[in-house]
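Notes follow once the structure below has been shown.
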Amino acid sequence: MNTQHQHTLSMQLCSKSEEPHVLTDILPNGCGRVTLNRSKALNSLTLEMVKLIYSALIKLENDATVKFVILCSSLPKAFCAGGDVRALAYPSYPNFAADFLRNEYTLNNYIKNYPKPILSLLKGIVMGGGAGLSIHDTFRVVTESTVFAMPETGIGLFPDVGGTYFLSHCKGAIPSSSPGVVTCSPVGMYLALTGARIGPADMMYCGLATHFLTEQKFQDLSKFLQTDSFARNVAQSQILSLLNDVLKQYSSQPGDSPLGRQESIITECFSVSSFNQIIQCLQIKAQAGDSFCTTAVETLKSKSPTSLLLTYEAMHIVAKCGLLSQGLGYEYRLAVRMINQGSDFREGVRALLVDKDQKPKWSSVDHLNPVCWFRPFEASERFSELFSATQ
């Protein structure tokens, strides 16, 4: 049995569905390939898929013949539409959400620190958990059909899977004297709170993507990277430079960024010192006739007030984290509590994904103390920390 067939078979045996949701193979040129393949749900991540991806990446790391990894999708319309939030809202056992998040966040951190280059091919939808799989990668290649969003405030959650880290650290973040620590990015705050969908030009502008390719070039690159001749006789120490050179040859400019045209307004309104001040700034400009601010105000009105306040707080807390693992530790505390103690997450999933009445009844924030949601777990909560504040 050859190596490629061996790896694919292992994924089939692990998956208990009609088709394997994660495919893994090793090509003769030293490319390890992990393909998401849950077609009926736009590759929404299940706990089983998270474990399979993690296991596959470990095998590829430990295989000396593998020089780099491609992370891709078998679907033309989506890389990954997010995590399986229905399973989180309606868990199969009491600690399912904590188990799911612990496995997913551990995978996110592993990807961030992976010793071999990972190149994600991002065609179609890249949202939520899909961003957690890709935005931490070495190379994030987008094309004309790519659509990115972190829409969690609309279902009573917040941008997790490292979202508060990569959004707070993206375009416009001001570095401090401490490595990795920044003043929160205004455009990252805008994306985190509104859940706005953006295309490839905005992803490049924000630094969420590393390369833009036209649809044809995207297909050509995908094929070229997987040919027998590519990188076959290249040493591991040279592979990063080779990938950089190849991506430069195939890439081009995506055009003007719509967010870039709003940079001054976003900076003014989303870099203020409280969430209420963001609303006030947007409302003043909306009343003066600014259509961008009018849309932003209406969008924020539809989101969970609890999610908005906690997302604002999380973005500023995680901006001060020098490492992704530190940010994920804070995210884990917050996500476990929002799912297990709050009511908005289940209500948001019900309204948007189950009953689909689009009329969530959000809880009041009159007595909400955001700081409490980020504190270390108490013994009575029966949850253990994920990473530590100093890790």
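In the structure tokens, chains take the letters A, B, ... in the order shown, each chain's residues start at 1, and ligands count up from 1 in the order shown.
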Can you list every residue in stretch 38-144 of chain A that DSSP puts in strand (DSSP E or B), as number ranges by chain? A: 45, 68-73, 78-80, 83, 118-122, 125-127, 139-142
10 Å contact set for A:Lys361, only C-alpha atoms, chain neighbours under 6 positions out, as a ChimeraX atom specification: /A:304,343-344,347-348,351
Counting only C-alpha atoms, which residue out of A:Leu208, A:Leu71, A:Leu27, A:Ile266 sits closest to A:Ile53? A:Leu71
Nearest-residue call for A:Asn103, choices A:Ala81, A:Met49, A:Cys72, A:Cys170, using only C-alpha atoms: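 With only C-alpha atoms as the atom set, the closest residue is A:Met49.
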Residue nearest A:Lys217 - candidates A:Leu121, A:Ala288, A:Ile58, A:Leu167, atoms counted: only C-alpha atoms: A:Leu121
Please identify the alpha helix (DSSP H) residues within stretch 52-202 of chain A (assignment by DSSP from backbone atoms) and present them as a PDB file with C-alpha atoms, in the first residue's frame.
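The resulting file, part.pdb, is reproduced below:
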ATOM      1  CA  LEU A  52      -8.427  14.505  12.441  1.00  0.00           C
ATOM      2  CA  ILE A  53      -6.731  17.697  11.226  1.00  0.00           C
ATOM      3  CA  TYR A  54      -4.571  17.840  14.347  1.00  0.00           C
ATOM      4  CA  SER A  55      -3.589  14.188  13.954  1.00  0.00           C
ATOM      5  CA  ALA A  56      -2.844  14.671  10.265  1.00  0.00           C
ATOM      6  CA  LEU A  57      -0.598  17.674  10.910  1.00  0.00           C
ATOM      7  CA  ILE A  58       1.343  15.777  13.561  1.00  0.00           C
ATOM      8  CA  LYS A  59       1.947  12.931  11.100  1.00  0.00           C
ATOM      9  CA  LEU A  60       3.071  15.388   8.418  1.00  0.00           C
ATOM     10  CA  GLU A  61       5.374  17.181  10.841  1.00  0.00           C
ATOM     11  CA  ASN A  62       7.033  13.917  11.857  1.00  0.00           C
ATOM     12  CA  VAL A  85     -22.209  25.874  16.318  1.00  0.00           C
ATOM     13  CA  ARG A  86     -25.386  23.809  16.466  1.00  0.00           C
ATOM     14  CA  ALA A  87     -23.431  21.061  18.183  1.00  0.00           C
ATOM     15  CA  LEU A  88     -22.110  23.637  20.656  1.00  0.00           C
ATOM     16  CA  ALA A  89     -25.561  25.099  21.337  1.00  0.00           C
ATOM     17  CA  PHE A  96     -18.982  19.000  25.066  1.00  0.00           C
ATOM     18  CA  ALA A  97     -18.434  22.718  24.425  1.00  0.00           C
ATOM     19  CA  ALA A  98     -15.372  22.855  26.674  1.00  0.00           C
ATOM     20  CA  ASP A  99     -13.938  19.753  25.001  1.00  0.00           C
ATOM     21  CA  PHE A 100     -14.616  21.088  21.508  1.00  0.00           C
ATOM     22  CA  LEU A 101     -13.058  24.487  22.237  1.00  0.00           C
ATOM     23  CA  ARG A 102     -10.030  23.008  23.985  1.00  0.00           C
ATOM     24  CA  ASN A 103      -9.302  20.787  20.986  1.00  0.00           C
ATOM     25  CA  GLU A 104      -9.959  23.549  18.447  1.00  0.00           C
ATOM     26  CA  TYR A 105      -7.887  26.215  20.199  1.00  0.00           C
ATOM     27  CA  THR A 106      -5.040  23.748  20.733  1.00  0.00           C
ATOM     28  CA  LEU A 107      -5.115  23.103  16.976  1.00  0.00           C
ATOM     29  CA  ASN A 108      -5.080  26.849  16.252  1.00  0.00           C
ATOM     30  CA  ASN A 109      -2.002  27.343  18.407  1.00  0.00           C
ATOM     31  CA  TYR A 110      -0.287  24.296  16.902  1.00  0.00           C
ATOM     32  CA  ILE A 111      -0.828  25.698  13.411  1.00  0.00           C
ATOM     33  CA  LYS A 112       0.575  29.074  14.449  1.00  0.00           C
ATOM     34  CA  GLY A 129     -13.435  28.313  12.580  1.00  0.00           C
ATOM     35  CA  GLY A 130     -12.214  28.421   8.981  1.00  0.00           C
ATOM     36  CA  ALA A 131     -10.300  31.588   9.808  1.00  0.00           C
ATOM     37  CA  GLY A 132      -8.803  29.813  12.809  1.00  0.00           C
ATOM     38  CA  LEU A 133      -7.440  27.126  10.480  1.00  0.00           C
ATOM     39  CA  SER A 134      -6.012  29.551   7.929  1.00  0.00           C
ATOM     40  CA  GLY A 163      -9.859  35.998  16.136  1.00  0.00           C
ATOM     41  CA  THR A 164      -9.360  38.548  18.893  1.00  0.00           C
ATOM     42  CA  TYR A 165      -5.616  38.073  18.388  1.00  0.00           C
ATOM     43  CA  PHE A 166      -5.305  38.383  14.619  1.00  0.00           C
ATOM     44  CA  LEU A 167      -7.968  41.117  14.388  1.00  0.00           C
ATOM     45  CA  SER A 168      -6.533  43.221  17.221  1.00  0.00           C
ATOM     46  CA  PRO A 186      -9.407  50.028  14.651  1.00  0.00           C
ATOM     47  CA  VAL A 187     -10.267  48.099  11.483  1.00  0.00           C
ATOM     48  CA  GLY A 188      -9.899  44.849  13.409  1.00  0.00           C
ATOM     49  CA  MET A 189     -12.323  46.195  16.008  1.00  0.00           C
ATOM     50  CA  TYR A 190     -14.763  47.110  13.237  1.00  0.00           C
ATOM     51  CA  LEU A 191     -14.626  43.597  11.770  1.00  0.00           C
ATOM     52  CA  ALA A 192     -14.913  41.957  15.197  1.00  0.00           C
ATOM     53  CA  LEU A 193     -17.974  43.929  16.278  1.00  0.00           C
ATOM     54  CA  THR A 194     -19.932  44.125  13.023  1.00  0.00           C
ATOM     55  CA  PRO A 200      -9.817  39.684  -1.155  1.00  0.00           C
ATOM     56  CA  ALA A 201      -8.846  43.351  -1.513  1.00  0.00           C
ATOM     57  CA  ASP A 202      -9.859  44.051   2.088  1.00  0.00           C
TER      58      ASP A 202
END
Between A:Ile155, A:Lys303, A:Glu263, A:Pro175, which one has atoms that come closest to A:Met338, using only C-alpha atoms?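 Going through A:Ile155, A:Lys303, A:Glu263, A:Pro175 one by one, the smallest distance to A:Met338 is for A:Ile155.
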